Each structure stands twice: as structure tokens, then as C-alpha cells.
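Undergrad: Pasting target12.txt below, which is compact mmCIF, C-alpha atoms and all ligand atoms.
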# COMPACT_ATOMS: atom_id res chain seq x y z
CA MET F 1 124.50 95.61 124.51
CA HIS F 2 122.18 92.92 125.85
CA VAL F 3 118.87 94.83 125.87
CA PHE F 4 115.68 93.99 127.79
CA VAL F 5 112.66 95.14 125.73
CA THR F 6 109.02 95.29 126.88
CA GLY F 7 106.38 95.47 124.15
CA GLY F 8 108.81 93.89 121.66
CA THR F 9 106.00 92.22 119.71
CA GLY F 10 104.04 95.44 119.08
CA LEU F 11 103.93 97.74 116.07
CA ILE F 12 106.82 99.86 117.37
CA GLY F 13 108.54 97.18 119.48
CA SER F 14 108.93 94.66 116.65
CA ALA F 15 110.66 97.37 114.59
CA VAL F 16 112.87 98.25 117.59
CA VAL F 17 113.87 94.60 118.11
CA ALA F 18 114.83 94.27 114.43
CA GLU F 19 116.76 97.56 114.56
CA LEU F 20 118.72 96.45 117.66
CA LEU F 21 119.51 93.00 116.25
CA GLY F 22 120.60 94.61 112.98
CA HIS F 23 123.12 96.79 114.85
CA GLY F 24 124.94 94.16 116.88
CA HIS F 25 122.82 94.17 120.06
CA THR F 26 121.14 91.10 121.58
CA VAL F 27 117.57 91.23 122.89
CA LEU F 28 115.67 89.68 125.79
CA ALA F 29 111.97 90.46 125.27
CA LEU F 30 109.07 90.26 127.74
CA ALA F 31 106.44 87.88 126.30
CA ARG F 32 103.03 87.44 127.93
CA SER F 33 101.74 84.53 125.82
CA ASP F 34 102.95 81.50 123.87
CA ALA F 35 102.18 83.36 120.65
CA SER F 36 104.26 86.36 121.71
CA ALA F 37 107.14 84.13 122.88
CA LEU F 38 107.10 82.46 119.47
CA ALA F 39 107.08 85.83 117.68
CA VAL F 40 110.05 86.98 119.79
CA LYS F 41 112.01 83.82 118.95
CA SER F 42 111.18 84.09 115.24
CA ALA F 43 112.49 87.65 115.29
CA GLY F 44 115.82 86.38 116.61
CA ALA F 45 115.44 87.47 120.25
CA GLU F 46 115.12 85.55 123.52
CA PRO F 47 111.70 85.60 125.26
CA LEU F 48 111.25 86.20 129.00
CA ARG F 49 107.82 84.93 130.01
CA GLY F 50 105.69 87.35 132.04
CA ASP F 51 103.51 90.42 131.72
CA LEU F 52 103.76 94.00 132.94
CA ALA F 53 101.88 93.16 136.15
CA ASP F 54 104.48 90.48 136.99
CA LEU F 55 106.99 92.78 138.66
CA THR F 56 109.30 89.86 139.50
CA ALA F 57 109.70 89.09 135.80
CA VAL F 58 110.06 92.78 134.93
CA ARG F 59 112.84 93.23 137.52
CA ALA F 60 114.56 89.99 136.44
CA GLY F 61 114.64 91.23 132.83
CA ALA F 62 116.27 94.52 133.82
CA ALA F 63 118.72 92.80 136.19
CA GLN F 64 120.26 90.69 133.43
CA ALA F 65 120.48 93.44 130.78
CA ASP F 66 122.95 96.21 129.91
CA GLY F 67 120.03 98.47 129.04
CA VAL F 68 116.22 98.55 128.89
CA ILE F 69 113.71 99.82 126.33
CA HIS F 70 110.12 100.00 127.62
CA LEU F 71 107.26 99.99 125.10
CA ALA F 72 104.53 97.67 126.51
CA PHE F 73 101.14 99.27 127.07
CA SER F 74 97.72 97.69 126.88
CA ASN F 75 96.40 100.48 124.58
CA ASP F 76 92.81 99.84 125.77
CA PHE F 77 91.05 103.17 125.23
CA SER F 78 87.52 101.71 125.42
CA SER F 79 86.60 103.54 128.66
CA ALA F 80 88.10 105.93 131.20
CA ASP F 81 88.45 103.01 133.68
CA ALA F 82 90.31 100.88 131.13
CA VAL F 83 92.73 103.74 130.41
CA ALA F 84 93.29 104.30 134.16
CA ARG F 85 94.02 100.57 134.70
CA SER F 86 96.55 100.52 131.83
CA VAL F 87 98.25 103.67 133.12
CA ALA F 88 98.52 102.26 136.67
CA GLU F 89 99.91 98.93 135.42
CA GLU F 90 102.54 100.67 133.30
CA SER F 91 103.46 103.06 136.10
CA ALA F 92 104.18 100.20 138.55
CA ALA F 93 106.23 98.31 135.93
CA LEU F 94 108.30 101.39 135.02
CA ALA F 95 108.95 102.14 138.69
CA ALA F 96 110.22 98.54 139.14
CA LEU F 97 112.48 98.86 136.07
CA GLY F 98 113.87 102.15 137.36
CA GLU F 99 114.52 100.80 140.89
CA GLU F 100 116.37 97.82 139.47
CA LEU F 101 118.76 100.11 137.56
CA ILE F 102 119.51 102.67 140.32
CA GLY F 103 123.25 103.22 140.73
CA SER F 104 124.15 101.23 137.59
CA ASP F 105 124.45 104.09 135.00
CA ARG F 106 122.70 101.72 132.58
CA PRO F 107 120.24 103.21 130.04
CA LEU F 108 116.46 103.04 130.58
CA VAL F 109 114.68 104.27 127.45
CA THR F 110 110.98 104.78 127.94
CA VAL F 111 108.31 105.61 125.42
CA SER F 112 106.35 108.81 125.89
CA GLY F 113 104.18 111.18 123.86
CA THR F 114 104.89 114.57 122.28
CA PRO F 115 103.30 117.38 124.33
CA TRP F 116 100.89 119.96 122.90
CA VAL F 117 101.31 123.68 123.46
CA PRO F 118 98.50 126.09 122.47
CA GLY F 119 99.44 128.30 119.53
CA ARG F 120 102.78 126.77 118.59
CA VAL F 121 104.69 123.64 117.63
CA SER F 122 105.87 121.71 120.71
CA THR F 123 109.57 121.00 121.21
CA GLU F 124 111.74 118.63 123.23
CA ALA F 125 112.10 121.37 125.88
CA ASP F 126 108.36 121.45 126.66
CA PRO F 127 107.21 119.51 129.74
CA LEU F 128 104.81 116.57 129.42
CA PRO F 129 101.14 117.17 130.27
CA THR F 130 100.33 115.66 133.66
CA ASP F 131 96.54 116.01 133.58
CA GLY F 132 93.81 114.65 131.29
CA PRO F 133 93.08 110.95 130.66
CA VAL F 134 96.71 109.97 130.08
CA GLY F 135 98.27 112.54 132.45
CA GLY F 136 99.39 109.69 134.71
CA ARG F 137 101.75 108.53 131.95
CA GLY F 138 103.34 112.00 131.92
CA ARG F 139 103.85 111.90 135.69
CA THR F 140 105.43 108.43 135.49
CA VAL F 141 107.83 109.38 132.71
CA THR F 142 108.80 112.57 134.57
CA ALA F 143 109.62 110.45 137.65
CA ILE F 144 111.72 108.06 135.54
CA LEU F 145 113.69 110.99 134.06
CA GLY F 146 114.29 112.13 137.64
CA LEU F 147 116.27 108.91 138.23
CA ALA F 148 119.07 110.59 136.23
CA SER F 149 120.31 111.93 139.57
CA ARG F 150 120.36 108.40 141.04
CA GLY F 151 122.61 106.64 138.54
CA VAL F 152 120.12 105.69 135.83
CA ARG F 153 120.76 106.92 132.25
CA SER F 154 117.03 107.45 131.83
CA THR F 155 115.70 108.97 128.63
CA ALA F 156 112.28 109.36 126.99
CA VAL F 157 111.51 108.97 123.30
CA ARG F 158 108.30 110.89 122.71
CA MET F 159 105.95 109.51 120.04
CA PRO F 160 103.67 111.60 117.84
CA ARG F 161 99.94 110.76 117.67
CA THR F 162 100.41 108.26 114.86
CA VAL F 163 103.24 105.76 114.59
CA HIS F 164 102.41 103.87 111.41
CA ASN F 165 103.57 100.98 109.25
CA GLU F 166 101.83 99.70 106.10
CA GLY F 167 98.97 102.17 106.69
CA LYS F 168 98.21 100.86 110.19
CA GLY F 169 98.78 102.17 113.73
CA GLY F 170 98.17 105.05 116.11
CA PHE F 171 95.39 107.63 116.01
CA ALA F 172 95.08 107.39 112.20
CA GLY F 173 94.68 103.62 112.68
CA LEU F 174 91.87 104.25 115.17
CA LEU F 175 90.17 106.59 112.65
CA THR F 176 90.41 103.78 110.07
CA GLU F 177 88.91 101.19 112.47
CA ILE F 178 86.02 103.52 113.37
CA ALA F 179 85.41 104.30 109.68
CA ARG F 180 85.18 100.58 108.86
CA ARG F 181 82.75 100.06 111.77
CA THR F 182 80.50 103.08 111.20
CA GLY F 183 80.63 103.50 107.42
CA VAL F 184 81.82 107.12 107.75
CA SER F 185 85.40 108.39 107.68
CA GLY F 186 84.93 110.94 110.46
CA TYR F 187 86.98 113.63 112.15
CA PRO F 188 86.19 115.76 115.22
CA GLY F 189 85.89 119.55 115.12
CA ASP F 190 86.55 121.30 111.80
CA GLY F 191 89.40 118.89 110.97
CA THR F 192 92.05 121.61 110.69
CA GLN F 193 93.72 120.46 113.93
CA ARG F 194 97.08 118.84 113.19
CA TRP F 195 98.57 115.58 114.46
CA PRO F 196 102.26 114.74 114.10
CA ALA F 197 103.36 111.31 112.81
CA VAL F 198 106.29 108.98 112.21
CA HIS F 199 106.89 105.67 110.45
CA ALA F 200 107.60 102.83 112.94
CA LEU F 201 110.86 101.96 111.17
CA ASP F 202 112.11 105.54 111.63
CA ALA F 203 110.98 105.59 115.28
CA ALA F 204 112.92 102.35 115.84
CA VAL F 205 116.17 104.00 114.74
CA LEU F 206 115.63 106.77 117.30
CA PHE F 207 115.07 104.24 120.11
CA ARG F 208 118.42 102.63 119.23
CA LEU F 209 120.21 106.01 119.09
CA ALA F 210 118.71 107.01 122.46
CA LEU F 211 119.84 103.69 123.99
CA GLU F 212 123.36 104.14 122.65
CA LEU F 213 123.89 107.89 122.98
CA ALA F 214 121.34 109.85 125.00
CA PRO F 215 122.56 111.58 128.17
CA ALA F 216 120.65 110.93 131.41
CA GLY F 217 117.40 112.83 131.93
CA THR F 218 116.82 113.80 128.28
CA SER F 219 113.71 113.74 126.04
CA TRP F 220 113.57 113.27 122.27
CA HIS F 221 110.91 113.68 119.58
CA ALA F 222 110.34 110.85 117.06
CA VAL F 223 108.52 113.23 114.74
CA ALA F 224 108.82 112.92 110.96
CA ASP F 225 105.66 114.87 109.92
CA GLU F 226 105.18 117.98 112.13
CA GLY F 227 101.44 117.92 111.69
CA ASP F 228 98.87 116.63 109.21
CA ALA F 229 95.38 118.18 109.30
CA VAL F 230 93.02 115.50 110.63
CA ARG F 231 90.59 116.19 107.76
CA ASP F 232 93.38 115.33 105.29
CA ILE F 233 94.00 112.05 107.16
CA ALA F 234 90.26 111.24 107.12
CA THR F 235 90.10 112.13 103.42
CA VAL F 236 92.72 109.51 102.46
CA ILE F 237 91.01 106.91 104.70
CA GLY F 238 87.60 107.70 103.16
CA ARG F 239 88.97 107.43 99.62
CA ARG F 240 90.75 104.13 100.33
CA LEU F 241 87.63 102.63 101.97
CA ASP F 242 85.19 104.29 99.55
CA LEU F 243 83.34 105.95 102.45
CA PRO F 244 82.00 109.52 102.93
CA VAL F 245 84.28 111.93 104.84
CA GLU F 246 82.37 113.91 107.50
CA ALA F 247 82.76 115.89 110.74
CA VAL F 248 81.47 113.77 113.67
CA PRO F 249 80.89 114.59 117.37
CA GLN F 250 83.94 114.47 119.64
CA GLU F 251 82.13 111.89 121.82
CA THR F 252 82.57 109.35 118.99
CA TYR F 253 86.12 108.91 120.26
CA GLY F 254 85.30 108.20 123.93
CA PRO F 255 88.02 109.21 126.42
CA LEU F 256 90.30 110.22 123.54
CA GLY F 257 87.76 112.77 122.17
CA PRO F 258 89.36 115.91 123.66
CA ILE F 259 92.84 114.79 122.56
CA PHE F 260 91.57 113.99 119.05
CA ALA F 261 90.15 117.52 118.78
CA THR F 262 93.37 119.29 119.85
CA ASP F 263 95.81 120.96 117.45
CA GLN F 264 99.17 119.44 118.44
CA PRO F 265 101.95 119.90 115.89
CA SER F 266 105.41 118.98 117.13
CA SER F 267 109.02 119.49 116.04
CA SER F 268 112.04 117.17 116.14
CA ALA F 269 114.67 119.77 115.16
CA ARG F 270 116.72 119.31 118.34
CA THR F 271 116.55 115.49 118.12
CA ARG F 272 117.76 115.51 114.50
CA GLU F 273 120.61 117.88 115.32
CA ALA F 274 121.80 116.25 118.56
CA LEU F 275 121.43 112.55 117.70
CA GLY F 276 121.83 112.71 113.91
CA TRP F 277 118.39 111.10 113.42
CA GLU F 278 116.88 111.53 109.95
CA PRO F 279 113.58 109.83 109.01
CA THR F 280 113.68 108.10 105.61
CA HIS F 281 110.41 106.13 105.40
CA PRO F 282 107.07 107.24 103.87
CA SER F 283 105.03 110.03 105.47
CA LEU F 284 101.68 109.19 107.10
CA LEU F 285 99.56 110.43 104.17
CA ALA F 286 101.66 108.34 101.74
CA ASP F 287 101.58 105.26 104.00
CA LEU F 288 97.76 105.46 104.38
CA GLU F 289 97.57 104.67 100.66
CA ASN F 290 98.34 101.07 101.77
CA ILE F 291 94.87 100.78 103.39
CA GLN F 292 92.84 98.08 101.64
CA ALA F 293 89.02 98.27 101.48
N1 LIG C 1 101.40 103.42 117.61
C1 LIG C 1 101.29 104.71 117.91
O1 LIG C 1 100.86 105.50 117.09
C2 LIG C 1 101.74 105.27 119.25
C3 LIG C 1 101.67 106.66 119.42
C4 LIG C 1 102.05 107.21 120.63
C5 LIG C 1 102.51 106.39 121.63
N2 LIG C 1 102.56 105.03 121.44
C6 LIG C 1 103.03 104.19 122.54
O2 LIG C 1 104.08 103.35 122.12
C7 LIG C 1 104.03 102.13 122.84
C8 LIG C 1 103.99 100.97 121.88
O3 LIG C 1 102.90 101.17 121.00
P1 LIG C 1 102.53 100.16 119.82
O4 LIG C 1 101.75 100.94 118.85
O5 LIG C 1 103.75 99.43 119.37
O6 LIG C 1 101.56 99.18 120.61
P2 LIG C 1 101.01 97.74 120.21
O7 LIG C 1 101.25 97.44 118.78
O8 LIG C 1 99.61 97.68 120.75
O9 LIG C 1 101.92 96.78 121.08
C9 LIG C 1 101.82 96.73 122.48
C10 LIG C 1 102.93 95.84 122.99
O10 LIG C 1 102.83 95.79 124.42
C11 LIG C 1 102.65 94.44 124.83
N3 LIG C 1 101.76 94.45 125.98
C12 LIG C 1 100.57 95.06 126.11
N4 LIG C 1 100.09 94.89 127.35
C13 LIG C 1 101.01 94.15 128.00
C14 LIG C 1 101.08 93.63 129.31
N5 LIG C 1 100.09 93.85 130.19
N6 LIG C 1 102.17 92.91 129.67
C15 LIG C 1 103.16 92.68 128.77
N7 LIG C 1 103.16 93.15 127.51
C16 LIG C 1 102.08 93.87 127.15
C17 LIG C 1 102.05 93.73 123.64
O11 LIG C 1 102.26 92.33 123.76
P3 LIG C 1 101.40 91.23 122.93
O12 LIG C 1 102.04 91.14 121.57
O13 LIG C 1 101.58 90.00 123.72
O14 LIG C 1 100.00 91.73 122.87
C18 LIG C 1 102.83 94.38 122.50
O15 LIG C 1 104.13 93.84 122.45
C19 LIG C 1 102.81 102.25 123.76
O16 LIG C 1 103.22 102.77 124.99
C20 LIG C 1 101.96 103.26 123.05
O17 LIG C 1 101.05 103.93 123.92
C21 LIG C 1 102.18 104.46 120.27
Would you encode the structure as C-alpha cells?
TA:
Amino acid sequence: MHVFVTGGTGLIGSAVVAELLGHGHTVLALARSDASALAVKSAGAEPLRGDLADLTAVRAGAAQADGVIHLAFSNDFSSADAVARSVAEESAALAALGEELIGSDRPLVTVSGTPWVPGRVSTEADPLPTDGPVGGRGRTVTAILGLASRGVRSTAVRMPRTVHNEGKGGFAGLLTEIARRTGVSGYPGDGTQRWPAVHALDAAVLFRLALELAPAGTSWHAVADEGDAVRDIATVIGRRLDLPVEAVPQETYGPLGPIFATDQPSSSARTREALGWEPTHPSLLADLENIQA
């Protein structure tokens, strides 16, 4: 397939582009800067200049592709306003991608997040949360899945809290950045809350399988580790950086504080069984050993 990818230069997207190219697909990737266009070309894909706010470019990318994988997101969690702006920008871009594909039966694979369900491990059958700071993303993805009835093979690959590679990425990556800045490897609450995780190279395989195989309107979990206790994550970070490991107030994490404090283990049993996906790369706690002081 000729695949239009947004976010193809990111931690997950660069792994997805390599996975697609390694399995006989060709890639057209949205690139918002000269540096990103160069990175796309070096990876062996073709850049399409534009950013998520440029809906003409976004539509043009989808129009010339056999399928779309959407991963771009500004990931600015510095304030509630910044998060709201990023969510609105992504929502408009995804709506444009979906409209372009209506009636074509072409695949639109969007990134999403694993839900959390009090008292148990979440599954692919659980609905996405539609409130809280990133609830708008849940509403947008739900609308995209609804395009299944209008001739779009829409599917969502839900990410756990940490998608990692070489010890970097996701919520664990944010904990590492804050530890470097503050001199304390902190965690909110009592640290027994669990976050699920996956290696970016394993997540990339699932994006390809979803593009190739997933029926319209379906959701999948890219979960390798069902849940690591946040205190265990902070303990590895503290040891690697030679910093004390301590409980810190939830407010340390800004708009993400309540999400950081939530127990949110998640399962991928149905994804493994239905799509034959099997993660093979290091777990989060093993990968965090790559952190350098
Ligand atoms: N990493 C995780 O642990 C994790 C966990 C759950 C969900 N996710 C989601 O997975 C997706 C990808 O995450 P990631 O970790 O790979 O992110 P990342 O490394 O920060 O990469 C973001 C990608 O989006 C592009 N981008 C950002 N804003 C853009 C804009 N306005 N217009 C065009 N392109 C834009 C970036 O382009 P440049 O290279 O030009 O900056 C980059 O290619 C995001 O939706 C993220 O929320 C990630």
C-alpha cells in the first residue's frame, strides 16, 4: 500500500515508517519543517510539507494514499490551555482525514490511549474516556470509528501510558525529565498505581497489522506490560540517575497529575489472539536501564 503517515518523525512514527517500508509498503509522510522533511527522506519515505493545522495538506496526503496512519500530536502538556489547543488541532485534522476517505473503504488507523476502569484491567471492549484533560481525544477517536458505517475502514490502536525506546518516551520519559530537573525521582500517591507500557518497535508492528487486517470500527491494545507500579519505574530512574526516590505531590505533574495518580493496568489478550501480535522487545523496566546519568 502507499500509506500517508502523520507524525512519522516521532518516537512511534519513525518506528512505524520503518516497519511499513520493511514490509513492502511505500510511505508519504507529513513533514512540518526542513529538518523533519530531511528525516523522512533519510528514512526512505517521501515528505509532504505541511502541519496538522494545514488541512489542505492533510487532505491532499489522504487523497493520494491507499491508507492513512495518524500519529502527529504536539504533546505539549505544559498547561491546560496548551493541552486543549493540541486536542483541538488534532481533532480538526482527523476529521479532515476521515472526510477525505468516506466511501473509499480505505483504512484510517488512528492512535489512541488505553482506557482505565476502576478495579480491573481494561480491555479492547471498554469505551474511551471522554472527560478529563484529554477527553476530547476520546471523543474524536470515537467519531472516527463511527465512520465505519460510511465506507471508511477506521480503526484505533490504543497506546499504553509509556511507549518507549532506548529508555526514552511516554510517561516514564516525563518522570525521567522531571527527575533530572528537580533532583528527585518522584512519583505521585503511594506509587502502587500501575501504568501499562510497550516498546515502540512492538507498537509499530501492531500499527502495520491494523492497517493491513483490522475490520472497520475496531480498537486494539498495543500493551506489552499490563502494568508496572509507578514506584518501581521511579526506582529504576532514581538508580540510573543516582537520585533519591520519593513520593511527590500530584500537582508536580500539572494537568497530567490526576492521570499520573490513577491505577490503569490494561490487557492486550484480544489483540494478540485476533491479529497474531506478539511483542518481542524489552519491557519498560528493562529498557529504562538504558538511561544515562
Ligand atoms: N510515547 C508514548 O508513550 C505515547 C503514549 C500514549 C500515546 N501516545 C501518542 O502517540 C502519538 C505519537 O507519540 P510519539 O511519542 O511518537 O510523539 P513524538 O515523539 O512527540 O512525535 C510527535 C510527532 O508528531 C509530529 N507533530 C507534532 N505536532 C505536529 C503538528 N502540529 N503538525 C505536524 N506534525 C506534528 C512531530 O513532528 P516533528 O518531528 O516535526 O516535531 C512528530 O513526528 C501521539 O498522539 C501521542 O499522544 C504516545
Undergrad: Please determine an axis-aligned box that encloses all atoms of ligand LIG 1 (chain C) listed in the file, with 3 Å added on each side, and express its centre and edge lengths in Å to one decimal as lines of an AutoDock Vina configuration file.
TA:
center_x = 101.9
center_y = 98.6
center_z = 123.6
size_x = 10.5
size_y = 23.2
size_z = 19.1
Undergrad: Using Å and a single decimal, report how far CA of Tyr253 in chain F sits from atom C16 of ligand LIG 1 (chain C).
TA: 23.0 Å
Undergrad: Enumerate as a short mmCIF file (atom, residue, chain, number, x, y, z; two decimals) with C-alpha atoms, in the coordinates of the input the residues within 6 Å of ligand LIG 1 (chain C), counting only C-alpha atoms and all ligand atoms.
TA:
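Written file, part_11.cif:
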data_model
loop_
_atom_site.label_atom_id
_atom_site.label_comp_id
_atom_site.auth_asym_id
_atom_site.auth_seq_id
_atom_site.Cartn_x
_atom_site.Cartn_y
_atom_site.Cartn_z
CA GLY F 7 106.38 95.47 124.15
CA GLY F 8 108.81 93.89 121.66
CA THR F 9 106.00 92.22 119.71
CA GLY F 10 104.04 95.44 119.08
CA LEU F 11 103.93 97.74 116.07
CA ILE F 12 106.82 99.86 117.37
CA GLY F 13 108.54 97.18 119.48
CA ALA F 31 106.44 87.88 126.30
CA ARG F 32 103.03 87.44 127.93
CA SER F 33 101.74 84.53 125.82
CA SER F 36 104.26 86.36 121.71
CA ASP F 51 103.51 90.42 131.72
CA LEU F 52 103.76 94.00 132.94
CA LEU F 71 107.26 99.99 125.10
CA ALA F 72 104.53 97.67 126.51
CA PHE F 73 101.14 99.27 127.07
CA SER F 74 97.72 97.69 126.88
CA ASN F 75 96.40 100.48 124.58
CA VAL F 111 108.31 105.61 125.42
CA GLY F 113 104.18 111.18 123.86
CA MET F 159 105.95 109.51 120.04
CA PRO F 160 103.67 111.60 117.84
CA ARG F 161 99.94 110.76 117.67
CA THR F 162 100.41 108.26 114.86
CA VAL F 163 103.24 105.76 114.59
CA GLY F 169 98.78 102.17 113.73
CA GLY F 170 98.17 105.05 116.11
CA PHE F 171 95.39 107.63 116.01
#
Undergrad: Enter the distance from CA of Ala57 in chain F to CA of Ala93 in chain F, in Å, rounded to one decimal.
TA: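 Interatomic distance here is 9.9 Å.
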Undergrad: What does the structure give for the distance between CA of Pro188 in chain F and CA of Ala247 in chain F, in Å to one decimal?
TA: 5.6 Å
Undergrad: Determine the nearest neighbour of Glu226 in chain F from the options F:Gln250, F:Gln264, F:Ser91, F:Thr130, counting all atoms listed in the file.
TA: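 Among F:Gln250, F:Gln264, F:Ser91, F:Thr130, it is F:Gln264 that comes nearest to Glu226 in chain F.
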Undergrad: Nearest to Gly189 in chain F among F:Gly138, F:Pro249, F:Pro118, F:Pro255, with distances taken over all atoms listed in the file: which residue is it?
TA: F:Pro249
Undergrad: Can you pull out the residues contacting Gln64 in chain F? Cut-off 9 Å, using all atoms listed in the file, and skip same-chain residues under 6 positions away; I want them as a list of chain:residue names.
TA: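 The contact residues come out as F:His2, F:Val3, F:Phe4, F:Leu28.
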Undergrad: For a quick check of understanding, using all atoms listed in the file, which of F:Ala200, F:Val109, F:Val230, F:Leu145 has the smallest distance to Ala261 in chain F?
TA: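 Selected residue with least distance to Ala261 in chain F: F:Val230.
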Undergrad: Kindly indicate which residue among F:Asp263, F:Thr123, F:Thr182, F:Glu278 lies nearest to His221 in chain F, using all atoms listed in the file for the distances.
TA: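 Using all atoms listed in the file, His221 in chain F sits closest to F:Thr123.
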Undergrad: Given all atoms listed in the file as the basis, pick out the residue of F:Ala43, F:Met1, F:Leu213, F:Ala62 nearest to Thr155 in chain F.
TA: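 Looking at the shortest contact to Thr155 in chain F, the residue is F:Leu213.
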Undergrad: Which is closer to Gly151 in chain F than all the others in F:Ala216, F:Leu206, F:Ile259, F:Leu174, using only C-alpha atoms?
TA: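 Counting only C-alpha atoms, the residue closest to Gly151 in chain F is F:Ala216.
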Undergrad: So that I can see what lies close to Gly167 in chain F, please list as a ChimeraX atom specification the residues with an atom at most 7 Å from it, counting all atoms listed in the file and leaving out residues fewer than 6 positions away in the same chain.
TA: /F:287-291
Undergrad: Within 9 Å of (86.5, 106.1, 109.0), in the coordinates the file gives, what residues turn up when you count all atoms listed in the file, written out as a ChimeraX atom specification?
TA: /F:174-187,234-235,237-238,241,243-246
Undergrad: For Glu212 in chain F, please output as a ChimeraX atom specification all residues within 12 Å (counting only C-alpha atoms; exclusion window: fewer than 6 positions along the same chain).
TA: /F:1-3,20,23-25,66-69,106-109,153-155,205-206,275
